[in-house]
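Chemist: I have a structure I would like to understand better, so I am pasting it below and will then ask my questions one at a time.
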Amino acid sequence: MQVFKYERGKEDTVLNKAWWKEAVVYQIYPRSFMDSNGDGIGDLNGITEKLEYLKELGIDVIWLSPVYQSPNDDNGYDISDYQAIMEEFGTMEDYDRMLARAHELGIKIMMDLVVNHTSDEHAWFVESRKSVDNPYRDFYIWRKGKDGKEPNNWGSCFSGSAWKYDPQTDMYFLHLFSKKQPDLNWDNPKVRDRVFDMMNWWCEKGIDGFRMDVISLISKPEGLPDGVPGENGYADSGCANGPHVHEYLKEMNKKVLSHYNLITVGEASGVTLEEAKKYASADGSELNMVFQFEHVGSGPEGNNRFGKWDSHKMSLPVWKKILSKWQTGLEGKAWNSLFLANHDQPRSVSWFGNDSAEYREISAKMLATCLHMMQGTPYVYQGEELGMCNAYFDKLEDYRDIESLNAYKELTETCGVSHEEMMGYLKRISRDNARTPMQWDDSANAGFTTGTPWIKVNSNYKTVNAKQQTTDPDSVFSYYKELIRLRHENDIIVYGEYELLEPQNEELFIYTRTWNNEQLMVLCNFTDKDVVIPAAVMAQIPADAQILISNHVGNLEAVLRPYEARVYRYNVK
Ligand code: TEU
Ligand code: CA
């Protein structure tokens, strides 16, 4: 296994350095990564086949979306056995082989830990629903109905009520996600112990970390009170950052995490800066870092009538303000994770950049520069390093995602949204945009499968694919490779202090990073026009400054070309 600087016990405590701060993570969504046996579904042997590709890219850690046994109501985020592999993905032997090969190549594996809920087919839930005095009854959250209706007005993240009636015992169980994802009762110490045992089992196997699914939701508010209902009649559960969440994470840290040298990241929708300082405190008592989602939402000006189904785009000043708040707010106190995309978001180049033939590549490189030069641990989502785009499916039948399909039904049937409007939302923000198969080459199905893929391949795979890009020094792939190399070689990119310049500028994102007596000036043009760099900024760049990286050749001194990104490096006193 690759040895990192600052392994456990060898951390540079004075400077607060850690290997996971210096690492770059790559997220794999296994179902869509590589199919090794022609059934149209990506699998573990497919991942093993492609590890060399990731080695070439230079990443340190893979975040593996769930590969556990699952009936796939939510593509593996509904787990029926935490210690078994999903049949479609392979066997535990395949898993062990993948892990061993990754370690040989110096790549670490971070598992997706989905423990806010299980599948309703998990043995615990099968028992739990049998009777009110079953030993597993209190593993889940059961309540009596109120006046023949649900126990409260909480809505599920996947439409409809967050409660499902179970005739067996004439009671309802809570499911913040789909009906097949009942929420675990974290207030029950037995639940916590079973989860911690399972985590220790994976750690003993030699895995290197956990990405914790909706970990901010595990502690439910006392008395499960009604919330303020929205347009569809349901309220937000208000479970984010619940009363005991930090207590439970400290317990997890004590009983599991602190015994191993792990990378840990909590998915924390609804997290505030103050809360993040607790989850990801530099004192190491909970997790290494969290994912916050403020910068990938529709922003304070979005109308939020239908939750995420809103195509408002934040203005650049608002977006910069949010990202900068997280940069400076956590400085020295906690640690950021940096991402623009994942399996729940649209493709970054389609949402934040410009995916037209003319600007796709250069804007993808600009976005990468803007993100990877910040302080935090960067996450690359599969295909992002190729500049893969949204699927833009025209037909509802092409969508697979439970969130998209349920929302289509609810919004068109009960909220008065037209078919056309909803199809527009789906094209922009359906999770399936990120879930089309990885584009390996220009052969049939982009080289992902020899069979029929479980979801359609993006029609642009003949021009956008890994085979073409790995050999092209000017490709988006090669650019990512360079960004990753630079981060590994320059402490300033990892640890430098961040400062935003020109906050009101509507076209340019400009910031500095300062470390010891060096500074980086990061300049990004978010428009398809030439933009003049403000004179005050130019004045700060000394004549002998070097260009560390740029996505444009033949830079003009005081002008940024459409989607140009340029990073200067120079000494400061
Ligand atoms: O997502 C958590 C989450 O908050 C989602 O509801 C998110 O807001 C939504 O997908 C955005 O459209 C995690 C996983 O990342 C997601 O894939 C799962 O479906 C979900 O938890 C349930 O496990
Ligand atoms: Ca397969």
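Residue numbering restarts at 1 in every chain; chains get A, B, ... in the order shown in the structure tokens, and ligands count up from 1 in that same order.
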At a cut-off of 6 Å and counting only C-alpha atoms and all ligand atoms, what residues surround ligand 2? Please answer as a PyMOL selection string.

Modeler: chain A and resi 35-43

Chemist: Kindly work out which residues sit at most 7 Å from ligand 1, using only C-alpha atoms and all ligand atoms, and give the list as a count of residues only.

Modeler: 14

Chemist: Which neighbours of stretch 550-552 of chain A fall inside 7 Å, counting only C-alpha atoms, when residues of the same chain fewer than 2 positions from it are skipped, and could you give them as a ChimeraX atom specification?

Modeler: /A:362,365-366,554-555,564-567

Chemist: Tell me which protein, DNA and RNA residues are within 10 Å of A:Pro229, counting only C-alpha atoms, leaving out same-chain ones fewer than 4 positions away, and put them as a PDB file with N, CA and C atoms, in the first residue's frame.

Modeler:
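Ended up saving to around07.pdb:
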ATOM      1  N   ASN A 153     -46.720  15.664   9.323  1.00  0.00           N
ATOM      2  CA  ASN A 153     -46.849  16.125   7.926  1.00  0.00           C
ATOM      3  C   ASN A 153     -45.531  16.145   7.148  1.00  0.00           C
ATOM      4  N   TRP A 154     -44.532  15.402   7.603  1.00  0.00           N
ATOM      5  CA  TRP A 154     -43.255  15.403   6.905  1.00  0.00           C
ATOM      6  C   TRP A 154     -43.374  14.793   5.509  1.00  0.00           C
ATOM      7  N   GLY A 155     -42.663  15.429   4.562  1.00  0.00           N
ATOM      8  CA  GLY A 155     -42.619  14.884   3.211  1.00  0.00           C
ATOM      9  C   GLY A 155     -41.350  14.078   3.001  1.00  0.00           C
ATOM     10  N   GLY A 233     -48.210  20.227   0.171  1.00  0.00           N
ATOM     11  CA  GLY A 233     -48.882  19.833   1.398  1.00  0.00           C
ATOM     12  C   GLY A 233     -47.970  19.205   2.446  1.00  0.00           C
ATOM     13  N   TYR A 234     -46.729  18.943   2.068  1.00  0.00           N
ATOM     14  CA  TYR A 234     -45.806  18.309   3.017  1.00  0.00           C
ATOM     15  C   TYR A 234     -44.724  19.267   3.488  1.00  0.00           C
ATOM     16  N   ALA A 235     -44.210  18.995   4.701  1.00  0.00           N
ATOM     17  CA  ALA A 235     -43.176  19.853   5.280  1.00  0.00           C
ATOM     18  C   ALA A 235     -41.821  19.165   5.273  1.00  0.00           C
ATOM     19  N   ASP A 236     -40.772  19.982   5.348  1.00  0.00           N
ATOM     20  CA  ASP A 236     -39.427  19.441   5.541  1.00  0.00           C
ATOM     21  C   ASP A 236     -39.384  18.796   6.930  1.00  0.00           C
TER      22      ASP A 236
END

Chemist: What's around A:Ser237 at 9 Å? Count only C-alpha atoms, leave out sequence neighbours fewer than 5 positions away in its own chain, and write the answer as a PyMOL selection string.

Modeler: chain A and resi 153-156+162+176+220-221+224-227

Chemist: Selection from above, N, CA and C atoms, as a PDB file, in the first residue's frame, can you write it?

Modeler:
ATOM      1  N   ASN A 153     -46.720  15.664   9.323  1.00  0.00           N
ATOM      2  CA  ASN A 153     -46.849  16.125   7.926  1.00  0.00           C
ATOM      3  C   ASN A 153     -45.531  16.145   7.148  1.00  0.00           C
ATOM      4  N   TRP A 154     -44.532  15.402   7.603  1.00  0.00           N
ATOM      5  CA  TRP A 154     -43.255  15.403   6.905  1.00  0.00           C
ATOM      6  C   TRP A 154     -43.374  14.793   5.509  1.00  0.00           C
ATOM      7  N   GLY A 155     -42.663  15.429   4.562  1.00  0.00           N
ATOM      8  CA  GLY A 155     -42.619  14.884   3.211  1.00  0.00           C
ATOM      9  C   GLY A 155     -41.350  14.078   3.001  1.00  0.00           C
ATOM     10  N   SER A 156     -41.416  13.102   2.115  1.00  0.00           N
ATOM     11  CA  SER A 156     -40.231  12.325   1.750  1.00  0.00           C
ATOM     12  C   SER A 156     -39.437  13.114   0.709  1.00  0.00           C
ATOM     13  N   ALA A 162     -43.600  11.075   4.253  1.00  0.00           N
ATOM     14  CA  ALA A 162     -42.418  10.357   4.741  1.00  0.00           C
ATOM     15  C   ALA A 162     -42.819   9.155   5.599  1.00  0.00           C
ATOM     16  N   LEU A 176     -37.495   8.880   5.231  1.00  0.00           N
ATOM     17  CA  LEU A 176     -37.211  10.211   4.672  1.00  0.00           C
ATOM     18  C   LEU A 176     -36.949  10.132   3.170  1.00  0.00           C
ATOM     19  N   LYS A 220     -33.294  12.414  14.926  1.00  0.00           N
ATOM     20  CA  LYS A 220     -34.588  13.061  14.643  1.00  0.00           C
ATOM     21  C   LYS A 220     -34.995  13.980  15.796  1.00  0.00           C
ATOM     22  N   PRO A 221     -35.664  15.086  15.474  1.00  0.00           N
ATOM     23  CA  PRO A 221     -36.058  16.020  16.539  1.00  0.00           C
ATOM     24  C   PRO A 221     -37.055  15.380  17.516  1.00  0.00           C
ATOM     25  N   LEU A 224     -40.943  14.426  17.033  1.00  0.00           N
ATOM     26  CA  LEU A 224     -41.226  14.445  15.587  1.00  0.00           C
ATOM     27  C   LEU A 224     -42.312  15.463  15.226  1.00  0.00           C
ATOM     28  N   PRO A 225     -42.075  16.741  15.516  1.00  0.00           N
ATOM     29  CA  PRO A 225     -43.122  17.757  15.328  1.00  0.00           C
ATOM     30  C   PRO A 225     -43.416  18.083  13.860  1.00  0.00           C
ATOM     31  N   ASP A 226     -44.668  18.441  13.589  1.00  0.00           N
ATOM     32  CA  ASP A 226     -45.070  18.917  12.253  1.00  0.00           C
ATOM     33  C   ASP A 226     -44.199  20.100  11.849  1.00  0.00           C
ATOM     34  N   GLY A 227     -44.021  20.258  10.532  1.00  0.00           N
ATOM     35  CA  GLY A 227     -43.328  21.441  10.029  1.00  0.00           C
ATOM     36  C   GLY A 227     -44.300  22.298   9.232  1.00  0.00           C
TER      37      GLY A 227
END

Chemist: Considering only C-alpha atoms, return as a PyMOL selection string whatever protein or nucleic-acid residues lie within 9 Å of A:Ile493, sequence-local ones (same chain, fewer than 4 positions apart) excluded.

Modeler: chain A and resi 372-375+486-489+513-515+520

Chemist: I need the chosen residues saved as a PDB file, in the first residue's frame, with N, CA and C atoms.

Modeler:
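So out-v4.pdb came out as:
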ATOM      1  N   HIS A 372     -10.135  23.373  -8.110  1.00  0.00           N
ATOM      2  CA  HIS A 372      -8.946  22.673  -7.601  1.00  0.00           C
ATOM      3  C   HIS A 372      -7.896  23.594  -7.009  1.00  0.00           C
ATOM      4  N   MET A 373      -7.993  24.883  -7.260  1.00  0.00           N
ATOM      5  CA  MET A 373      -7.039  25.820  -6.652  1.00  0.00           C
ATOM      6  C   MET A 373      -7.517  26.288  -5.281  1.00  0.00           C
ATOM      7  N   MET A 374      -8.712  25.832  -4.860  1.00  0.00           N
ATOM      8  CA  MET A 374      -9.205  26.249  -3.547  1.00  0.00           C
ATOM      9  C   MET A 374      -8.634  25.364  -2.443  1.00  0.00           C
ATOM     10  N   GLN A 375      -8.908  25.797  -1.190  1.00  0.00           N
ATOM     11  CA  GLN A 375      -8.452  25.008  -0.055  1.00  0.00           C
ATOM     12  C   GLN A 375      -9.496  23.949   0.286  1.00  0.00           C
ATOM     13  N   LEU A 486      -0.020  19.185  -9.797  1.00  0.00           N
ATOM     14  CA  LEU A 486       0.369  20.443  -9.152  1.00  0.00           C
ATOM     15  C   LEU A 486      -0.001  20.446  -7.674  1.00  0.00           C
ATOM     16  N   ARG A 487      -1.177  19.961  -7.348  1.00  0.00           N
ATOM     17  CA  ARG A 487      -1.612  19.908  -5.951  1.00  0.00           C
ATOM     18  C   ARG A 487      -0.690  19.009  -5.135  1.00  0.00           C
ATOM     19  N   HIS A 488      -0.292  17.885  -5.727  1.00  0.00           N
ATOM     20  CA  HIS A 488       0.603  16.980  -5.001  1.00  0.00           C
ATOM     21  C   HIS A 488       1.980  17.587  -4.770  1.00  0.00           C
ATOM     22  N   GLU A 489       2.367  18.500  -5.648  1.00  0.00           N
ATOM     23  CA  GLU A 489       3.722  19.027  -5.547  1.00  0.00           C
ATOM     24  C   GLU A 489       3.818  20.381  -4.854  1.00  0.00           C
ATOM     25  N   ARG A 513      -4.262  32.709  -3.071  1.00  0.00           N
ATOM     26  CA  ARG A 513      -3.908  31.739  -2.020  1.00  0.00           C
ATOM     27  C   ARG A 513      -2.529  32.167  -1.528  1.00  0.00           C
ATOM     28  N   THR A 514      -2.351  32.250  -0.235  1.00  0.00           N
ATOM     29  CA  THR A 514      -1.080  32.718   0.298  1.00  0.00           C
ATOM     30  C   THR A 514      -0.536  31.711   1.299  1.00  0.00           C
ATOM     31  N   TRP A 515       0.759  31.434   1.175  1.00  0.00           N
ATOM     32  CA  TRP A 515       1.382  30.427   2.045  1.00  0.00           C
ATOM     33  C   TRP A 515       2.845  30.805   2.194  1.00  0.00           C
ATOM     34  N   LEU A 520      -0.568  32.692  -4.934  1.00  0.00           N
ATOM     35  CA  LEU A 520      -1.155  32.323  -6.225  1.00  0.00           C
ATOM     36  C   LEU A 520      -2.270  33.304  -6.506  1.00  0.00           C
TER      37      LEU A 520
END

Chemist: Nearest to A:Glu56 among A:Thr377, A:Ser131, A:Asn288, A:Gln469, with distances taken over only C-alpha atoms: which residue is it?

Modeler: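 The shortest atom-to-atom distance to A:Glu56 comes from A:Gln469.
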
Chemist: Could you pull the residues within 10 Å of A:Glu251, counting only C-alpha atoms, minus those fewer than 2 positions along the same chain, as an MDAnalysis selection string?

Modeler: chainID A and resid 192:193 196 245:249 253:257 285:286

Chemist: So, with only C-alpha atoms as the atoms that count, which of A:Asp355, A:Asp183, A:Asp96, A:Asp73 lies closest to A:Ile218?

Modeler: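 Among the listed residues, A:Asp183 lies closest to A:Ile218.
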
Chemist: Would you work out the distance separating atom CA of A:Ile107 from atom CA of A:Asp60, expressed in Å to one decimal?

Modeler: 5.1 Å

Chemist: Can you work out which one of A:Tyr165, A:Tyr495, A:Phe306, A:Trp440 has the shortest atom-to-atom distance to A:Glu49, counting only C-alpha atoms?

Modeler: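 For A:Glu49, the nearest of the given residues is A:Trp440.
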
Chemist: DSSP on the backbone: which residues in stretch 190-378 of chain A end up as strand (DSSP E or B)? Give the answer as an MDAnalysis selection string.

Modeler: chainID A and resid 209:212 235 263:267 289:291 336:338 377:378

Chemist: Using C-alpha atoms, can you export the residues from the last selection as a PDB file, in the first residue's frame?

Modeler:
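Result file follows (selection_16.pdb):
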ATOM      1  CA  GLY A 209     -12.483   5.468   4.683  1.00  0.00           C
ATOM      2  CA  PHE A 210     -16.183   6.231   4.664  1.00  0.00           C
ATOM      3  CA  ARG A 211     -18.359   8.723   2.828  1.00  0.00           C
ATOM      4  CA  MET A 212     -21.395   8.931   5.068  1.00  0.00           C
ATOM      5  CA  ALA A 235     -43.176  19.853   5.280  1.00  0.00           C
ATOM      6  CA  ILE A 263     -10.544   9.491   5.324  1.00  0.00           C
ATOM      7  CA  THR A 264     -14.070  10.413   6.399  1.00  0.00           C
ATOM      8  CA  VAL A 265     -16.567  12.759   4.818  1.00  0.00           C
ATOM      9  CA  GLY A 266     -20.111  13.351   5.933  1.00  0.00           C
ATOM     10  CA  GLU A 267     -22.802  14.214   3.435  1.00  0.00           C
ATOM     11  CA  MET A 289     -14.807  16.997   6.400  1.00  0.00           C
ATOM     12  CA  VAL A 290     -18.383  17.425   5.177  1.00  0.00           C
ATOM     13  CA  PHE A 291     -20.112  17.976   1.873  1.00  0.00           C
ATOM     14  CA  ASN A 336     -13.599  21.738   3.210  1.00  0.00           C
ATOM     15  CA  SER A 337     -14.449  19.182   0.568  1.00  0.00           C
ATOM     16  CA  LEU A 338     -14.452  20.673  -2.915  1.00  0.00           C
ATOM     17  CA  THR A 377      -9.978  18.057  -0.625  1.00  0.00           C
ATOM     18  CA  PRO A 378     -11.143  17.965  -4.260  1.00  0.00           C
TER      19      PRO A 378
END

Chemist: Taking only C-alpha atoms into account, name the residue in A:Phe158, A:Phe509, A:Tyr140, A:Tyr570 that is nearest to A:Met171.

Modeler: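 Of all the options, A:Tyr140 lies closest to A:Met171.
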